[in-house]
Amino acid sequence: MRYVPKKIREGINVSDVHPLADASVLIAGLSAIAVVIALALIFLIEVALYFIPAETEARLFSSWLPEDLTAISPVDDRLYQTQRLVDRLVEHWAGAPFEFRVEVEDTDAANAMALPGGLIIVTRGLLDDVDSENELAFVLGHELGHYRNRDHLRALGRGLVLALFFRVITGNDVAGIGINVADITVRSFSRKQESQADEFGLAIVNAEYGHVEEAWRLFQRWESEGASIDDGIRYLSTHPRPGDRVLRMQELADREGWSRQGAVTDLPW
Ligand SMILES: [Zn+2]
């Protein structure tokens with residue numbers, strides 16, 4: 001039988017659909033793959049950050065301040081006294097890896113947050129709202145708890161995590177890394193991270209004063225006043241509901257045998 005080659009159809013290598021449609025399918029597919037790879041990388045880096053020694057983090061951020069921070073005057077007594085209180089509380093944390101620095105942000109909104117490298121920011125609004133040193137000590141102890149569990153790195157946000165990662169790799173310091181307080185205050189921790197920070201904070205308060213009297217009174221006041229985020233209590237947007245929180249703290253104190261009664265220390269200002 002003689003082989004008769006079939007005539008090849010014209011345009012066999014050309015897709016039947018319009019070339020632009022083909023191109024868009026290709027582009028969409030490649031973009032999807034790129035996005036998946038990027039997300040996986042960011043996730044891995046976020047996990048890896050937990051393994052950066054706290055000492056490295058402390059060194060990288062030793063003189064760093066957020067770009068948008070409006071601090072109160074450096075000679076304001078409230079700044080000095082809050083720093084002193086943190087220094088006293090940290091004495092109960094053996095092997096604390098940071099030299100904690102306090103900055104007081106000049107805003108009416110009440111908030112407190114743990115930033116990289118041991119930078120604790122409390123707002124003037126929060127200092128206006130606390131009625132005793134014991135109340136403030138618990139808020140600060142709670143933030144120390146976030147450092148202990150290294151939650152504060154989680155709050156950095158994806159873009160910042162990437163930026164930080166490259167700083168770590170290149171060994172540069174983080175000046176100009178572009179972290180804003182505004183980015184960090186909108187991020188909240190998980191329930192578990194919050195209750196672990198509460199446990200650490202309450203233990204530190206008990207170690208400092210020998211009791212936990214008034215440790216949670218600020219939250220009780222906010223609860224009874226029906227205070228909300230709209231009233232400028234931004235702390236409530238990043239922390240658990242005050243009522244539930246007080247109950248859990250009271251249970252914890254009873255479980256640990258920490259006295260709920262004791263002498264309360266006035267604020268030094
Ligand atoms: Zn917290």
# chains A, B, ... in the order shown; residues from 1 in each chain; ligands from 1

call {"tool": "residues_around", "arguments": {"residues": "A:Pro74", "least_positions_apart": "6", "cutoff": "12 Å", "atoms": "only C-alpha atoms", "output": "ChimeraX atom specification"}}
result
/A:80-81,83,102-106

call {"tool": "residues_around", "arguments": {"residues": "stretch 265-268 of chain A", "least_positions_apart": "6", "cutoff": "9 Å", "atoms": "only C-alpha atoms", "output": "list in words"}}
result
Asp77, Arg78, Gln81, Val130, Asp131, Ser132, Glu133, Asn134, Leu136 and Tyr209 of chain A

call {"tool": "write_last_selection", "arguments": {"atoms": "C-alpha atoms", "output": "tab-separated table (two decimals), in the first residue's frame"}}
result
chain	number	residue	atom	x	y	z
A	77	ASP	CA	7.90	63.45	84.22
A	78	ARG	CA	5.31	60.89	83.05
A	81	GLN	CA	8.23	57.63	85.72
A	130	VAL	CA	-5.04	55.05	84.91
A	131	ASP	CA	-5.76	55.91	88.54
A	132	SER	CA	-2.97	54.07	90.33
A	133	GLU	CA	0.49	52.74	89.67
A	134	ASN	CA	-0.90	49.22	90.07
A	136	LEU	CA	-0.46	50.99	84.94
A	209	TYR	CA	3.62	44.37	94.91

call {"tool": "closest_residue", "arguments": {"among": "A:Ala207, A:Ser224, A:Asp16, A:Thr170", "to": "A:Arg88", "atoms": "only C-alpha atoms"}}
result
A:Ala207

call {"tool": "select_by_dssp", "arguments": {"residues": "stretch 26-267 of chain A", "states": "strand (DSSP E or B)", "output": "PDB file with C-alpha atoms, in the first residue's frame"}}
result
ATOM      1  CA  ALA A  71       6.116  61.726  71.468  1.00  0.00           C
ATOM      2  CA  ARG A 101      12.548  51.679  76.176  1.00  0.00           C
ATOM      3  CA  VAL A 102       9.356  53.598  76.849  1.00  0.00           C
ATOM      4  CA  GLU A 103       7.918  56.297  74.623  1.00  0.00           C
ATOM      5  CA  VAL A 104       4.723  58.176  75.402  1.00  0.00           C
ATOM      6  CA  GLU A 105       2.745  59.031  72.291  1.00  0.00           C
ATOM      7  CA  ALA A 112      -0.343  50.540  74.788  1.00  0.00           C
ATOM      8  CA  MET A 113       1.721  48.426  72.443  1.00  0.00           C
ATOM      9  CA  ALA A 114       4.839  46.314  72.183  1.00  0.00           C
ATOM     10  CA  LEU A 115       7.090  47.229  69.259  1.00  0.00           C
ATOM     11  CA  LEU A 119      10.129  49.628  72.513  1.00  0.00           C
ATOM     12  CA  ILE A 120       6.965  49.979  74.588  1.00  0.00           C
ATOM     13  CA  ILE A 121       4.658  52.759  73.512  1.00  0.00           C
ATOM     14  CA  VAL A 122       1.937  53.986  75.829  1.00  0.00           C
ATOM     15  CA  THR A 123      -0.238  56.940  74.947  1.00  0.00           C
TER      16      THR A 123
END

call {"tool": "residues_near_ligand", "arguments": {"ligand": "ligand 1", "cutoff": "8 Å", "atoms": "only C-alpha atoms and all ligand atoms", "output": "PyMOL selection string"}}
result
chain A and resi 113+142-143+146+188-189+193-194+197-198+238-239

call {"tool": "write_last_selection", "arguments": {"atoms": "all heavy atoms", "output": "short mmCIF file (atom, residue, chain, number, x, y, z; two decimals), in the first residue's frame"}}
result
data_model
loop_
_atom_site.label_atom_id
_atom_site.label_comp_id
_atom_site.auth_asym_id
_atom_site.auth_seq_id
_atom_site.Cartn_x
_atom_site.Cartn_y
_atom_site.Cartn_z
N MET A 113 1.32 49.45 73.41
CA MET A 113 1.72 48.43 72.44
C MET A 113 3.19 48.07 72.57
O MET A 113 4.01 48.86 73.06
CB MET A 113 1.38 48.87 71.02
CG MET A 113 2.11 50.10 70.55
SD MET A 113 1.11 51.09 69.40
CE MET A 113 0.36 52.27 70.48
N HIS A 142 1.57 43.29 80.95
CA HIS A 142 0.92 42.58 79.85
C HIS A 142 1.74 42.76 78.56
O HIS A 142 1.96 41.79 77.83
CB HIS A 142 -0.50 43.11 79.67
CG HIS A 142 -1.19 42.60 78.44
ND1 HIS A 142 -2.01 41.49 78.45
CD2 HIS A 142 -1.18 43.05 77.16
CE1 HIS A 142 -2.47 41.28 77.22
NE2 HIS A 142 -1.98 42.22 76.41
N GLU A 143 2.19 43.97 78.29
CA GLU A 143 3.00 44.20 77.08
C GLU A 143 4.31 43.42 77.19
O GLU A 143 4.78 42.85 76.20
CB GLU A 143 3.27 45.69 76.87
CG GLU A 143 2.02 46.53 76.61
CD GLU A 143 1.16 46.00 75.46
OE1 GLU A 143 1.72 45.57 74.43
OE2 GLU A 143 -0.08 46.01 75.60
N HIS A 146 3.88 40.03 75.93
CA HIS A 146 3.93 39.85 74.47
C HIS A 146 5.38 39.67 74.00
O HIS A 146 5.64 38.91 73.07
CB HIS A 146 3.30 41.04 73.76
CG HIS A 146 1.80 41.01 73.77
ND1 HIS A 146 1.08 39.89 73.40
CD2 HIS A 146 0.88 41.94 74.12
CE1 HIS A 146 -0.21 40.14 73.51
NE2 HIS A 146 -0.36 41.38 73.95
N SER A 188 -4.33 43.04 66.04
CA SER A 188 -4.55 42.49 67.36
C SER A 188 -4.04 41.05 67.40
O SER A 188 -3.85 40.42 66.38
CB SER A 188 -6.03 42.56 67.71
OG SER A 188 -6.78 41.96 66.70
N PHE A 189 -3.83 40.58 68.61
CA PHE A 189 -3.30 39.23 68.80
C PHE A 189 -4.45 38.25 69.01
O PHE A 189 -5.59 38.65 69.23
CB PHE A 189 -2.37 39.21 70.01
CG PHE A 189 -1.18 40.11 69.85
CD1 PHE A 189 -0.94 41.14 70.73
CD2 PHE A 189 -0.28 39.91 68.80
CE1 PHE A 189 0.17 41.97 70.59
CE2 PHE A 189 0.82 40.73 68.65
CZ PHE A 189 1.04 41.76 69.54
N GLN A 193 -2.82 34.34 72.73
CA GLN A 193 -1.67 35.23 72.96
C GLN A 193 -2.02 36.26 74.02
O GLN A 193 -1.20 36.58 74.89
CB GLN A 193 -1.28 35.93 71.65
CG GLN A 193 -0.60 35.01 70.66
CD GLN A 193 -0.39 35.68 69.31
OE1 GLN A 193 -1.28 36.38 68.82
NE2 GLN A 193 0.75 35.47 68.70
N GLU A 194 -3.26 36.78 73.96
CA GLU A 194 -3.69 37.78 74.93
C GLU A 194 -3.75 37.20 76.34
O GLU A 194 -3.31 37.83 77.29
CB GLU A 194 -5.05 38.36 74.53
CG GLU A 194 -4.98 39.35 73.39
CD GLU A 194 -4.09 40.55 73.72
OE1 GLU A 194 -4.09 41.00 74.86
OE2 GLU A 194 -3.39 41.02 72.82
N ALA A 197 -0.31 36.68 77.72
CA ALA A 197 0.31 37.95 78.12
C ALA A 197 -0.30 38.43 79.44
O ALA A 197 0.40 38.98 80.29
CB ALA A 197 0.12 39.00 77.02
N ASP A 198 -1.61 38.20 79.62
CA ASP A 198 -2.26 38.56 80.89
C ASP A 198 -1.64 37.77 82.05
O ASP A 198 -1.41 38.32 83.12
CB ASP A 198 -3.76 38.28 80.82
CG ASP A 198 -4.54 39.46 80.25
OD1 ASP A 198 -3.92 40.53 80.01
OD2 ASP A 198 -5.76 39.32 80.05
N THR A 238 -7.69 46.38 70.34
CA THR A 238 -6.58 45.44 70.18
C THR A 238 -6.49 44.46 71.34
O THR A 238 -5.59 43.64 71.39
CB THR A 238 -5.24 46.22 70.08
OG1 THR A 238 -5.18 47.17 71.14
CG2 THR A 238 -5.14 46.94 68.76
N HIS A 239 -7.43 44.55 72.28
CA HIS A 239 -7.37 43.65 73.44
C HIS A 239 -8.75 43.06 73.70
O HIS A 239 -9.75 43.58 73.23
CB HIS A 239 -6.86 44.41 74.67
CG HIS A 239 -5.39 44.71 74.58
ND1 HIS A 239 -4.89 45.83 73.95
CD2 HIS A 239 -4.31 44.01 75.00
CE1 HIS A 239 -3.57 45.80 74.00
NE2 HIS A 239 -3.19 44.71 74.63
#

call {"tool": "atom_distance", "arguments": {"atom1": "atom CA of A:Ala137", "atom2": "atom CA of A:Thr56"}}
result
27.1 Å

call {"tool": "closest_atom_pairs", "arguments": {"of": "stretch 76-177 of chain A", "to": "stretch 227-230 of chain A", "cutoff": "12 Å", "atoms": "only C-alpha atoms", "output": "tab-separated table"}}
result
residue	atom	partner	partner_atom	distance
A:Asp108	CA	A:Asp230	CA	12.0
A:Ala109	CA	A:Ile229	CA	8.8
A:Ala110	CA	A:Ile229	CA	9.2
A:Asn111	CA	A:Ile229	CA	10.4
A:Asp129	CA	A:Ala227	CA	11.4

call {"tool": "atom_distance", "arguments": {"atom1": "atom CA of A:Glu55", "atom2": "atom CA of A:His152"}}
result
14.6 Å

call {"tool": "atom_distance", "arguments": {"atom1": "atom CA of A:Glu225", "atom2": "atom CA of A:Val139"}}
result
18.7 Å
